[in-house]
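Novice: This is the content of start-v8.txt (compact mmCIF, C-alpha atoms):
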# COMPACT_ATOMS: atom_id res chain seq x y z
CA MET Q 94 7.60 47.82 -18.92
CA ASP Q 95 8.28 44.57 -20.69
CA ASP Q 96 5.01 42.66 -20.98
CA LEU Q 97 6.76 39.39 -20.21
CA SER Q 98 7.88 40.68 -16.82
CA GLU Q 99 4.25 40.96 -15.77
CA LYS Q 100 3.39 37.42 -16.80
CA ILE Q 101 2.84 35.28 -13.73
CA GLU Q 102 3.54 31.60 -14.21
CA PHE Q 103 1.90 28.96 -12.12
CA VAL Q 104 2.86 25.47 -11.16
CA ASP Q 105 0.37 22.66 -10.67
CA VAL Q 106 0.75 21.00 -7.27
CA VAL Q 107 -0.94 17.77 -6.16
CA TYR Q 108 -0.72 17.14 -2.45
CA ALA Q 109 -2.14 15.32 0.55
CA VAL Q 110 -2.57 16.77 4.02
CA GLU Q 111 -2.20 14.99 7.33
CA GLY Q 112 -5.67 14.08 8.58
CA GLN Q 113 -7.36 14.63 5.20
CA ARG Q 114 -8.22 11.59 3.12
CA LYS Q 115 -8.89 13.47 -0.10
CA VAL Q 116 -5.95 14.37 -2.32
CA LEU Q 117 -5.88 18.01 -3.33
CA GLN Q 118 -4.69 20.05 -6.26
CA THR Q 119 -3.80 23.72 -6.54
CA ASN Q 120 -1.91 26.19 -8.66
CA LEU Q 121 0.89 28.18 -7.05
CA LYS Q 122 3.03 30.99 -8.33
CA HIS Q 123 6.17 29.34 -9.65
CA THR Q 124 8.25 31.43 -7.25
CA ALA Q 125 6.43 30.21 -4.12
CA THR Q 126 8.67 28.64 -1.50
CA VAL Q 127 8.03 25.46 0.46
CA ARG Q 128 7.42 27.60 3.55
CA GLU Q 129 4.81 29.75 1.79
CA PHE Q 130 3.02 26.65 0.57
CA ALA Q 131 3.14 25.08 4.04
CA VAL Q 132 1.68 28.20 5.66
CA VAL Q 133 -1.21 28.34 3.20
CA VAL Q 134 -2.06 24.65 3.68
CA ALA Q 135 -1.65 24.76 7.48
CA THR Q 136 -3.97 27.75 7.72
CA GLN Q 137 -6.55 26.16 5.49
CA TYR Q 138 -6.58 22.84 7.34
CA GLY Q 139 -5.87 24.01 10.87
CA LEU Q 140 -2.47 22.36 11.28
CA ALA Q 141 -0.64 23.84 14.28
CA GLY Q 142 3.05 23.89 15.19
CA GLU Q 143 6.00 23.12 12.93
CA ILE Q 144 4.86 22.06 9.48
CA ASP Q 145 6.87 19.89 7.11
CA VAL Q 146 6.38 19.30 3.40
CA PHE Q 147 7.53 16.01 1.88
CA VAL Q 148 7.74 14.48 -1.52
CA GLU Q 149 5.88 11.17 -1.32
CA ASP Q 150 7.99 8.40 0.26
CA ALA Q 151 10.97 10.73 0.75
CA ASP Q 152 13.26 10.17 3.73
CA GLY Q 153 13.18 13.76 4.89
CA PRO Q 154 11.22 17.01 4.54
CA LEU Q 155 11.89 19.65 1.92
CA ASP Q 156 14.01 22.68 2.77
CA GLN Q 157 11.56 25.41 3.72
CA GLU Q 158 13.44 28.08 1.78
CA GLN Q 159 13.51 26.15 -1.47
CA VAL Q 160 11.29 27.20 -4.35
CA LEU Q 161 8.59 24.55 -4.40
CA ALA Q 162 8.59 24.21 -8.19
CA THR Q 163 12.21 23.05 -8.08
CA CYS Q 164 11.29 20.25 -5.67
CA LEU Q 165 8.77 18.59 -7.94
CA THR Q 166 10.25 15.38 -9.27
CA ALA Q 167 10.35 14.40 -12.92
CA LYS Q 168 8.53 11.21 -12.03
CA PHE Q 169 5.19 12.34 -10.66
CA LYS Q 170 4.92 12.11 -6.89
CA PRO Q 171 2.37 14.04 -4.85
CA LEU Q 172 3.53 16.18 -1.96
CA HIS Q 173 2.50 15.68 1.64
CA VAL Q 174 1.97 18.36 4.28
CA ALA Q 175 2.07 17.36 7.95
CA THR Q 176 2.92 18.49 11.44
CA ARG Q 177 6.43 17.53 12.50
CA GLY Q 178 7.05 14.01 13.77
CA HIS Q 179 6.91 10.42 12.66
CA ILE Q 180 3.88 8.14 12.74
CA ARG Q 181 4.28 5.02 14.86
CA VAL Q 182 2.87 2.19 12.76
CA THR Q 183 1.81 -1.20 14.10
CA VAL Q 184 1.05 -3.89 11.55
CA GLU Q 185 -0.70 -7.10 12.54
CA TYR Q 186 -0.57 -10.33 10.54
CA ASN Q 187 -1.75 -13.77 11.60
CA GLY Q 188 -1.72 -12.85 15.27
CA GLN Q 189 1.76 -11.30 15.19
CA LYS Q 190 2.65 -7.61 15.43
CA ILE Q 191 5.52 -5.49 14.22
CA GLU Q 192 6.14 -1.78 14.80
CA ASP Q 193 8.21 0.95 13.23
CA SER Q 194 8.12 4.70 12.61
CA PHE Q 195 7.39 6.23 9.22
CA ARG Q 196 7.16 9.70 7.77
CA SER Q 197 3.63 10.98 7.33
CA GLY Q 198 4.21 11.07 3.57
CA ALA Q 199 5.14 7.38 3.33
CA THR Q 200 2.76 5.32 1.23
CA VAL Q 201 0.89 2.20 2.20
CA ARG Q 202 2.98 0.51 -0.51
CA ALA Q 203 6.13 1.30 1.50
CA VAL Q 204 4.56 -0.19 4.60
CA ILE Q 205 3.66 -3.39 2.73
CA SER Q 206 7.22 -3.72 1.42
CA TRP Q 207 8.59 -3.30 4.93
CA ALA Q 208 6.02 -5.63 6.51
CA ILE Q 209 6.67 -8.56 4.16
CA GLY Q 210 10.44 -8.01 4.13
CA LEU Q 211 13.27 -9.24 6.33
CA ARG Q 212 12.67 -6.55 8.97
CA GLY Q 213 9.00 -7.49 9.01
CA PHE Q 214 7.25 -10.84 8.78
CA ASN Q 215 9.64 -12.17 6.10
CA LEU Q 216 6.87 -13.52 3.88
CA ASP Q 217 6.95 -15.20 0.48
CA GLY Q 218 5.51 -13.24 -2.43
CA GLY Q 219 5.79 -9.68 -3.63
CA PRO Q 220 4.16 -6.45 -2.42
CA GLY Q 221 1.46 -6.89 -5.05
CA ASP Q 222 0.32 -10.10 -3.38
CA PHE Q 223 -0.64 -8.31 -0.15
CA GLN Q 224 -2.84 -5.45 0.90
CA ILE Q 225 -3.34 -3.30 3.96
CA LYS Q 226 -6.60 -2.91 5.84
CA SER Q 227 -7.42 0.01 8.08
CA GLY Q 228 -10.45 -1.11 10.04
CA GLN Q 229 -12.66 -2.80 7.44
CA GLU Q 230 -11.32 -0.80 4.54
CA VAL Q 231 -8.78 -2.11 2.06
CA VAL Q 232 -6.51 0.88 1.57
CA PRO Q 233 -5.11 1.63 -1.91
CA ALA Q 234 -1.32 1.35 -1.96
CA ASP Q 235 -0.82 4.97 -3.04
CA VAL Q 236 -2.45 6.44 0.09
CA HIS Q 237 -0.12 8.27 2.48
CA LEU Q 238 -0.03 7.20 6.12
CA GLY Q 239 -0.86 10.72 7.23
CA GLN Q 240 -4.09 10.51 5.29
CA LEU Q 241 -5.12 7.49 7.37
CA ALA Q 242 -4.02 8.64 10.80
CA HIS Q 243 -6.72 11.27 11.34
CA GLY Q 244 -4.15 13.69 12.73
CA SER Q 245 -2.76 11.14 15.18
CA LYS Q 246 0.86 9.97 15.19
CA GLU Q 247 -0.14 6.34 15.73
CA LEU Q 248 -1.67 3.90 13.33
CA VAL Q 249 -2.70 0.26 13.57
CA LEU Q 250 -3.01 -1.60 10.27
CA TRP Q 251 -3.64 -5.17 9.20
CA LEU Q 252 -1.67 -6.97 6.52
CA VAL Q 253 -3.72 -9.45 4.52
CA PHE Q 254 -3.00 -11.71 1.58
CA LYS Q 255 -4.97 -10.90 -1.55
CA ILE Q 256 -7.39 -13.72 -2.18
CA LYS Q 257 -8.40 -14.20 -5.79
CA GLN Q 258 -11.95 -15.02 -6.75
CA GLN Q 259 -12.39 -18.65 -7.76
CA GLY Q 260 -13.45 -19.84 -11.17
CA MET J 160 -20.43 32.13 -24.48
CA ALA J 161 -18.55 28.84 -24.66
CA ARG J 162 -18.94 28.45 -20.91
CA LEU J 163 -22.69 29.02 -21.17
CA GLN J 164 -22.87 26.37 -23.86
CA ASP J 165 -20.94 23.97 -21.64
CA GLN J 166 -23.33 24.63 -18.77
CA THR J 167 -26.34 24.09 -21.02
CA ALA J 168 -24.85 20.85 -22.32
CA ARG J 169 -24.28 19.66 -18.75
CA LEU J 170 -27.89 20.39 -17.82
CA GLU J 171 -29.09 18.38 -20.80
CA MET J 172 -26.85 15.45 -19.91
CA ARG J 173 -28.17 12.30 -18.32
CA PRO J 174 -27.33 12.19 -14.60
CA ASP J 175 -25.20 9.08 -15.08
CA GLU J 176 -23.15 10.72 -17.81
CA ARG J 177 -22.74 13.86 -15.74
CA ALA J 178 -21.57 11.81 -12.74
CA LEU J 179 -19.06 9.90 -14.85
CA ARG J 180 -17.69 13.07 -16.42
CA ASP J 181 -17.34 14.61 -12.96
CA ASP J 182 -15.33 11.59 -11.78
CA LEU J 183 -13.17 11.58 -14.89
CA ALA J 184 -12.33 15.20 -14.10
CA SER J 185 -11.52 14.44 -10.46
CA VAL J 186 -8.10 14.82 -8.93
CA GLU J 187 -8.06 11.09 -8.09
CA PHE J 188 -8.46 10.14 -11.76
CA PHE J 189 -5.88 12.76 -12.73
CA ILE J 190 -3.37 11.32 -10.24
CA GLY J 191 -3.75 7.85 -11.73
CA GLU J 192 -3.04 9.36 -15.14
CA ARG J 193 0.01 11.22 -13.83
CA ARG J 194 1.30 8.05 -12.20
CA GLY J 195 1.00 6.36 -15.58
CA LYS J 196 -1.54 3.82 -14.38
CA TRP J 197 -4.39 4.65 -16.76
CA SER J 198 -5.75 7.25 -19.12
CA LEU J 199 -9.03 8.01 -20.79
CA ALA J 200 -8.89 7.19 -24.48
CA ARG J 201 -12.42 8.03 -25.48
CA LEU J 202 -15.79 8.82 -23.99
CA ASP J 203 -18.86 8.21 -26.05
CA PHE J 204 -21.39 7.70 -23.29
CA PRO J 205 -22.37 5.17 -22.08
CA TYR J 206 -19.11 3.72 -23.40
CA ALA J 207 -15.75 4.81 -22.05
CA MET J 208 -12.44 3.51 -23.35
CA PHE J 209 -9.39 3.51 -21.12
CA TYR J 210 -5.77 2.62 -21.56
CA VAL J 211 -4.65 0.66 -18.50
CA ALA J 212 -0.92 0.16 -17.95
CA ALA J 213 0.50 -3.33 -17.51
CA ALA J 214 3.63 -4.42 -15.71
CA GLY J 215 6.67 -4.76 -17.96
CA ARG J 216 7.12 -8.32 -19.18
CA PRO J 217 9.51 -9.73 -21.81
CA SER J 218 6.55 -10.51 -24.04
CA GLY J 219 3.80 -8.11 -23.18
CA PRO J 220 2.40 -4.72 -24.15
CA ALA J 221 2.81 -1.57 -22.08
CA ARG J 222 -0.93 -1.26 -21.80
CA PHE J 223 -4.32 -2.67 -22.71
CA LEU J 224 -7.48 -1.05 -23.91
CA LEU J 225 -10.48 -1.45 -21.61
CA ARG J 226 -14.01 -0.71 -22.76
CA SER J 227 -16.53 0.03 -20.01
CA GLU J 228 -20.27 0.42 -20.41
CA CYS J 229 -21.29 2.93 -17.76
CA SER J 230 -25.06 3.38 -17.96
CA GLY J 231 -26.55 3.95 -14.53
CA TYR J 232 -23.24 5.22 -13.17
CA ARG J 233 -22.61 5.41 -10.14
CA GLN J 234 -25.57 3.53 -8.71
CA GLN J 235 -24.88 0.73 -11.12
CA ALA J 236 -21.44 -0.75 -11.66
CA PRO J 237 -19.84 -0.47 -15.10
CA THR J 238 -19.35 -3.66 -17.07
CA SER J 239 -16.09 -3.94 -18.94
CA GLN J 240 -14.00 -5.98 -21.33
CA LEU J 241 -10.51 -5.77 -22.73
CA TRP J 242 -10.93 -4.42 -26.24
CA HIS J 243 -9.34 -4.54 -29.68
CA GLY J 244 -9.19 -0.92 -30.77
CA LYS J 245 -8.73 -1.40 -34.49
CA TYR J 246 -11.45 -4.00 -34.91
CA ASP J 247 -13.67 -2.47 -32.23
CA ARG J 248 -14.51 -5.77 -30.57
CA PRO J 249 -13.50 -7.75 -27.47
CA LEU J 250 -9.97 -9.11 -27.44
CA ALA J 251 -9.72 -12.64 -28.78
CA ALA J 252 -8.54 -15.35 -26.40
CA GLU J 253 -5.06 -15.52 -27.93
CA HIS J 254 -4.46 -11.85 -27.11
CA LEU J 255 -5.67 -11.85 -23.51
CA PRO J 256 -3.30 -11.39 -20.54
CA ARG J 257 -1.76 -14.66 -19.44
CA GLY J 258 -1.08 -16.00 -16.00
CA PRO J 259 0.56 -19.17 -14.67
CA ASN J 260 -2.42 -21.27 -15.76
CA GLY J 261 -3.30 -19.66 -19.08
CA VAL J 262 -5.50 -16.61 -19.46
CA LEU J 263 -5.69 -14.65 -16.21
CA ILE J 264 -8.88 -15.62 -14.48
CA ASP J 265 -10.12 -12.02 -14.32
CA PHE J 266 -10.13 -11.79 -18.13
CA GLN J 267 -11.13 -15.32 -19.06
CA LEU J 268 -13.83 -15.63 -21.67
CA TRP J 269 -16.96 -15.81 -19.58
CA GLY J 270 -19.97 -13.79 -20.56
CA ASN J 271 -19.19 -10.41 -22.05
CA CYS J 272 -17.56 -8.88 -18.99
CA LEU J 273 -14.70 -9.11 -16.55
CA TYR J 274 -14.69 -12.27 -14.48
CA HIS J 275 -14.45 -10.20 -11.33
CA PRO J 276 -16.79 -8.97 -8.54
CA VAL J 277 -16.25 -5.36 -9.66
CA ASP J 278 -18.20 -6.02 -12.84
CA ARG J 279 -21.95 -5.42 -13.05
CA LEU J 280 -22.61 -8.64 -14.98
CA ALA J 281 -20.34 -10.85 -12.90
CA VAL J 282 -20.96 -9.71 -9.35
CA ASP J 283 -23.77 -12.13 -8.59
CA HIS J 284 -21.72 -15.11 -9.74
CA ASN J 285 -20.40 -17.62 -7.19
CA ASN J 286 -21.71 -15.76 -4.14
CA TRP J 287 -19.03 -13.09 -4.67
CA ARG J 288 -20.98 -10.37 -2.88
CA GLN J 289 -20.52 -12.38 0.34
CA THR J 290 -17.09 -13.87 -0.28
CA HIS J 291 -15.37 -10.79 -1.81
CA PRO J 292 -17.18 -7.71 -0.46
CA ASP J 293 -14.01 -5.59 -0.80
CA LYS J 294 -13.98 -6.15 -4.54
CA VAL J 295 -17.63 -5.36 -5.17
CA TRP J 296 -18.62 -2.02 -6.67
CA GLN J 297 -20.38 0.34 -4.30
CA PRO J 298 -22.09 3.55 -5.47
CA GLU J 299 -19.70 5.66 -3.43
CA LYS J 300 -16.79 4.08 -5.26
CA GLY J 301 -16.12 5.87 -8.49
CA ILE J 302 -14.47 4.98 -11.75
CA VAL J 303 -11.09 5.15 -10.01
CA PHE J 304 -12.02 1.97 -8.11
CA LEU J 305 -12.52 0.13 -11.40
CA MET J 306 -9.28 1.58 -12.78
CA GLU J 307 -7.35 0.59 -9.64
CA THR J 308 -8.81 -2.91 -9.78
CA VAL J 309 -7.88 -3.57 -13.40
CA HIS J 310 -4.47 -1.92 -13.09
CA GLU J 311 -3.68 -3.95 -10.00
CA ILE J 312 -4.41 -7.19 -11.89
CA LEU J 313 -2.24 -6.18 -14.85
CA ASP J 314 0.50 -4.99 -12.52
CA GLY J 315 0.40 -8.07 -10.29
CA SER J 316 2.83 -10.94 -10.02
CA ASP J 317 0.35 -13.36 -11.66
CA TYR J 318 0.45 -11.42 -14.91
CA LEU J 319 3.05 -12.96 -17.20
CA GLY J 320 2.49 -11.12 -20.48
CA ALA J 321 0.31 -11.23 -23.58
CA ASN J 322 0.55 -11.62 -27.31
CA LEU J 323 -1.14 -8.34 -28.13
CA PRO J 324 -0.75 -6.96 -31.66
CA PRO J 325 0.05 -3.22 -31.70
CA GLU J 326 -3.09 -2.43 -33.70
CA ALA J 327 -5.19 -3.64 -30.79
CA LEU J 328 -4.28 -0.37 -29.09
CA GLU J 329 -5.20 1.79 -32.06
CA LEU J 330 -8.48 3.58 -31.78
CA GLN J 331 -10.38 4.45 -34.90
CA PRO J 332 -10.04 8.18 -35.76
CA GLU J 333 -13.64 8.96 -34.92
CA HIS J 334 -13.04 7.43 -31.52
CA VAL J 335 -10.04 9.58 -30.78
CA GLU J 336 -11.68 12.87 -31.58
CA ALA J 337 -14.68 12.00 -29.42
CA HIS J 338 -12.49 12.22 -26.32
CA SER J 339 -13.75 15.01 -24.13
CA ALA J 340 -14.32 14.42 -20.45
Before we go any further, please render this structure as C-alpha cells.
Specialist:
Amino acid sequence: MDDLSEKIEFVDVVYAVEGQRKVLQTNLKHTATVREFAVVVATQYGLAGEIDVFVEDADGPLDQEQVLATCLTAKFKPLHVATRGHIRVTVEYNGQKIEDSFRSGATVRAVISWAIGLRGFNLDGGPGDFQIKSGQEVVPADVHLGQLAHGSKELVLWLVFKIKQQG
Amino acid sequence: MARLQDQTARLEMRPDERALRDDLASVEFFIGERRGKWSLARLDFPYAMFYVAAAGRPSGPARFLLRSECSGYRQQAPTSQLWHGKYDRPLAAEHLPRGPNGVLIDFQLWGNCLYHPVDRLAVDHNNWRQTHPDKVWQPEKGIVFLMETVHEILDGSDYLGANLPPEALELQPEHVEAHSA
C-alpha cells in the first residue's frame, strides 16, 4: 500500500457554539463534512434539534453535505454552531428601542453597524465610535450573538458611545 | 525527553510568566493573530513585544510595536509603551500615532506608559477607576484585553496616521530569536 494513502490530514477549525462564551479550536480530518462536525459539536454541548453551521456573519448556513475544509474562507473567520432559528435582537439607545432578527453567527460588530445605520438610530460617527453592552459588560465586537444569548433566541443589548478618557 | 524538559522549565517559571505564556497560547490570542489584529514579536519575560495592527491611512504604518512589562501578571496590569524596535527605546513624539488634535491622547508623552486606564502606571490618574471602570484591567482579563484595547485605538476613527520610519518595526536579531511563547 502506498504510504501516502494512509496519511491522514487534518484541518484546524476555530468555532463558537450557541450558549458558550468561550471560542473553541479543534482539528478535524480534512474529509469531514459540515454535518459530521455539527453532530460532534451538538453532542459535546448538548444542542438538540436541527443544527446549523455558519461562517461568521454569513447570511445563511453551510450546506450539510459539504466538506468543511472547503468552506473555510481565505480571510480568517471562525465558524458558529447553533440550533436552527434566528435571534431576535433588541437594541436600546437613549431611551429608544429597535428590533431585528440576526443569525446566531452574526457578530456584535454587525449589530453596531445596523444600529447606527439608516435602518437603526441613524447616528453620526462610525461603528468604531460605539460599543455594545450586555448587562454591565462591554462586549468585544468580534463576539457572536449566539455566544451572548445563553441558548435563548432573544437578546437585549445597549448601544453606547465610546467615551474617551480626558487629559 | 524534550517534553520533560518543557515541563521542568514550566515548573521553574515564575507564576506570572507561566500565566502570561498560558494566555499567549490561548485560542483567544490566536484568533486575534489570525484576524490580523496583533502578533507576538518577542517574549523575554517580564517584557513582551507585540505588533499591533493599525487602520490603513494614507500616511501611516500597517502596525506599531508595543512593549509591555508584565511582572505580576495577571494580578497586576501590564504597563506598556509604543516602541522603536531598532533603537530599543520608546517611540519619539514625532513618530507617535496622530489624531485630530496632535498625538492621540492614549499615546501622549506622559510618564513611561500608555495614557489609558488599562495601564498599571496610569490607572490611578484622574479618578479613572471610577469614571472608566470598563477600561480598567481586572485580573480575570488577560493579555487579550490589552491587545483589544490598543488595537481598537489604532483602528478607530480618531487615528489619522503616523510618521513611523520602517526601522521602528525592526527588532534586533537577538530579540527575534527569543520569541517562544
Novice: Could you list, as a list in words, every residue of chain J that has an atom within 7 Å of an atom of chain Q, counting all atoms listed in the file?
Specialist: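 Result: Val186, Glu187, Arg193, Arg194, Asp293, Gly315 and Ser316 of chain J.
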Novice: Measuring between all atoms listed in the file, which one of J:Phe266, J:Tyr318, J:Tyr232, J:Trp242 shows the shortest distance to J:Arg279?
Specialist: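 The answer is J:Tyr232, which sits nearest to J:Arg279.
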Novice: Any idea what the distance is between atom CA of J:Phe209 and atom CA of J:Glu171?
Specialist: 24.7 Å
Novice: Which neighbours of stretch 122-136 of chain Q fall inside 6 Å, counting all atoms listed in the file, when residues of the same chain fewer than 3 positions from it are skipped, and could you give them as a ChimeraX atom specification?
Specialist: /Q:102-104,139-140,157-162
Novice: Please return the centre and edge lengths, in Å to one decimal, of a box with edges along x, y and z that contains all listed atoms of stretch 191-208 of chain Q, widened by 4 Å on every side, as AutoDock Vina command-line options.
Specialist:
--center_x 4.7 --center_y 2.7 --center_z 7.1 --size_x 15.7 --size_y 24.7 --size_z 23.3
Novice: Can you tell me which residues surround J:His254 at a distance of at most 8 Å, considering all atoms listed in the file, apart from same-chain residues fewer than 2 positions away, and format the answer as a PyMOL selection string?
Specialist: chain J and resi 250-252+256+321-324
Novice: Distance atom CA of Q:Ser197-atom CA of Q:Trp251, one decimal place?
Specialist: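 Going from atom CA of Q:Ser197 over to atom CA of Q:Trp251, I get 17.8 Å.
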Novice: When you look at stretch 145-150 of chain Q with a cut-off of 7 Å (counting only C-alpha atoms), what residues show up, excluding the ones that are within fewer than 6 positions of it in the same chain? I need them as number ranges by chain.
Specialist: Q: 131, 170-177, 198-200
Novice: At what distance in Å, to one decimal, does atom CA of Q:Ile191 lie from atom CA of Q:Arg212?
Specialist: 8.9 Å
Novice: Which protein, DNA or RNA residues are at most 12 Å from (7.4, -12.3, 2.6) in the file's coordinates when you count only C-alpha atoms, listed as a list in words?
Specialist: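 Output: Tyr186, Ile205, Ser206, Trp207, Ala208, Ile209, Gly210, Leu211, Arg212, Gly213, Phe214, Asn215, Leu216, Asp217, Gly218, Gly219, Pro220, Gly221, Asp222, Phe223, Leu252, Val253 and Phe254 of chain Q.
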Novice: So which one's closest to J:Ala281, J:Thr238, J:Ser198, J:Gln166, J:Gln297? Using only C-alpha atoms, please.
Specialist: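 Among the listed residues, the smallest separation from J:Ala281 belongs to J:Thr238.
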Novice: Which residues come within 12 Å of J:Leu328, counting all atoms listed in the file, excluding same-chain residues fewer than 6 positions away, as a PyMOL selection string?
Specialist: chain J and resi 200+208-212+220-226+241-250+254+334-335
Novice: Set the distance at 12 Å and use all atoms listed in the file: which residues neighbour J:Arg180 once local chain neighbours fewer than 4 positions away are removed? I'd like the list as a PyMOL selection string.
Specialist: chain J and resi 169+172-176+184-185+188+199+201-207+229+232-233+301-302+338-340
Novice: With all atoms listed in the file as the basis for distance, which of Q:Ile225, Q:Leu241, Q:Val184, Q:Val236 is at the shortest distance from Q:Lys255?
Specialist: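 For Q:Lys255, the nearest of the given residues is Q:Ile225.
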Novice: Taking all atoms listed in the file into account, name the residue in J:Pro276, J:Asp265, J:Arg257, J:Gly231 that is nearest to J:Arg177.
Specialist: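 For J:Arg177, the nearest of the candidates is J:Gly231.
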Novice: Which of these, Q:Leu238, Q:Ala151, Q:Leu250, Q:Ala203, has the shortest distance to Q:Thr166 once you count all atoms listed in the file?
Specialist: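 The closest residue to Q:Thr166 is Q:Ala151.
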Novice: Is there a way to complete stretch 133-150 of chain Q with N, CA and C atoms and then write that out as a PDB file, keeping the file's coordinate frame?
Specialist:
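The result, written out as part03.pdb:
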ATOM      1  N   VAL Q 133       0.130  28.286   3.805  1.00  0.00           N
ATOM      2  CA  VAL Q 133      -1.210  28.340   3.200  1.00  0.00           C
ATOM      3  C   VAL Q 133      -2.001  27.077   3.564  1.00  0.00           C
ATOM      4  N   VAL Q 134      -1.366  25.923   3.419  1.00  0.00           N
ATOM      5  CA  VAL Q 134      -2.060  24.650   3.680  1.00  0.00           C
ATOM      6  C   VAL Q 134      -2.386  24.526   5.177  1.00  0.00           C
ATOM      7  N   ALA Q 135      -1.422  24.884   6.029  1.00  0.00           N
ATOM      8  CA  ALA Q 135      -1.650  24.760   7.480  1.00  0.00           C
ATOM      9  C   ALA Q 135      -2.792  25.650   7.929  1.00  0.00           C
ATOM     10  N   THR Q 136      -2.873  26.833   7.370  1.00  0.00           N
ATOM     11  CA  THR Q 136      -3.970  27.750   7.720  1.00  0.00           C
ATOM     12  C   THR Q 136      -5.303  27.179   7.270  1.00  0.00           C
ATOM     13  N   GLN Q 137      -5.303  26.669   6.057  1.00  0.00           N
ATOM     14  CA  GLN Q 137      -6.550  26.160   5.490  1.00  0.00           C
ATOM     15  C   GLN Q 137      -7.066  24.934   6.241  1.00  0.00           C
ATOM     16  N   TYR Q 138      -6.144  24.089   6.709  1.00  0.00           N
ATOM     17  CA  TYR Q 138      -6.580  22.840   7.340  1.00  0.00           C
ATOM     18  C   TYR Q 138      -6.326  22.786   8.843  1.00  0.00           C
ATOM     19  N   GLY Q 139      -5.990  23.917   9.423  1.00  0.00           N
ATOM     20  CA  GLY Q 139      -5.870  24.010  10.870  1.00  0.00           C
ATOM     21  C   GLY Q 139      -4.733  23.196  11.460  1.00  0.00           C
ATOM     22  N   LEU Q 140      -3.635  23.064  10.730  1.00  0.00           N
ATOM     23  CA  LEU Q 140      -2.470  22.360  11.280  1.00  0.00           C
ATOM     24  C   LEU Q 140      -1.672  23.350  12.147  1.00  0.00           C
ATOM     25  N   ALA Q 141      -1.347  22.940  13.360  1.00  0.00           N
ATOM     26  CA  ALA Q 141      -0.640  23.840  14.280  1.00  0.00           C
ATOM     27  C   ALA Q 141       0.775  23.342  14.529  1.00  0.00           C
ATOM     28  N   GLY Q 142       1.670  24.260  14.871  1.00  0.00           N
ATOM     29  CA  GLY Q 142       3.050  23.890  15.190  1.00  0.00           C
ATOM     30  C   GLY Q 142       3.928  23.908  13.949  1.00  0.00           C
ATOM     31  N   GLU Q 143       5.064  23.178  14.061  1.00  0.00           N
ATOM     32  CA  GLU Q 143       6.000  23.120  12.930  1.00  0.00           C
ATOM     33  C   GLU Q 143       5.396  22.250  11.823  1.00  0.00           C
ATOM     34  N   ILE Q 144       5.454  22.770  10.620  1.00  0.00           N
ATOM     35  CA  ILE Q 144       4.860  22.060   9.480  1.00  0.00           C
ATOM     36  C   ILE Q 144       5.956  21.644   8.510  1.00  0.00           C
ATOM     37  N   ASP Q 145       5.919  20.394   8.089  1.00  0.00           N
ATOM     38  CA  ASP Q 145       6.870  19.890   7.110  1.00  0.00           C
ATOM     39  C   ASP Q 145       6.152  19.549   5.807  1.00  0.00           C
ATOM     40  N   VAL Q 146       6.895  19.694   4.719  1.00  0.00           N
ATOM     41  CA  VAL Q 146       6.380  19.300   3.400  1.00  0.00           C
ATOM     42  C   VAL Q 146       7.326  18.223   2.852  1.00  0.00           C
ATOM     43  N   PHE Q 147       6.752  17.140   2.396  1.00  0.00           N
ATOM     44  CA  PHE Q 147       7.530  16.010   1.880  1.00  0.00           C
ATOM     45  C   PHE Q 147       7.140  15.727   0.434  1.00  0.00           C
ATOM     46  N   VAL Q 148       8.087  15.189  -0.299  1.00  0.00           N
ATOM     47  CA  VAL Q 148       7.740  14.480  -1.520  1.00  0.00           C
ATOM     48  C   VAL Q 148       7.370  13.065  -1.080  1.00  0.00           C
ATOM     49  N   GLU Q 149       6.355  12.508  -1.688  1.00  0.00           N
ATOM     50  CA  GLU Q 149       5.880  11.170  -1.320  1.00  0.00           C
ATOM     51  C   GLU Q 149       7.034  10.164  -1.158  1.00  0.00           C
ATOM     52  N   ASP Q 150       7.011   9.462  -0.052  1.00  0.00           N
ATOM     53  CA  ASP Q 150       7.990   8.400   0.260  1.00  0.00           C
ATOM     54  C   ASP Q 150       9.420   8.904   0.438  1.00  0.00           C
TER      55      ASP Q 150
END
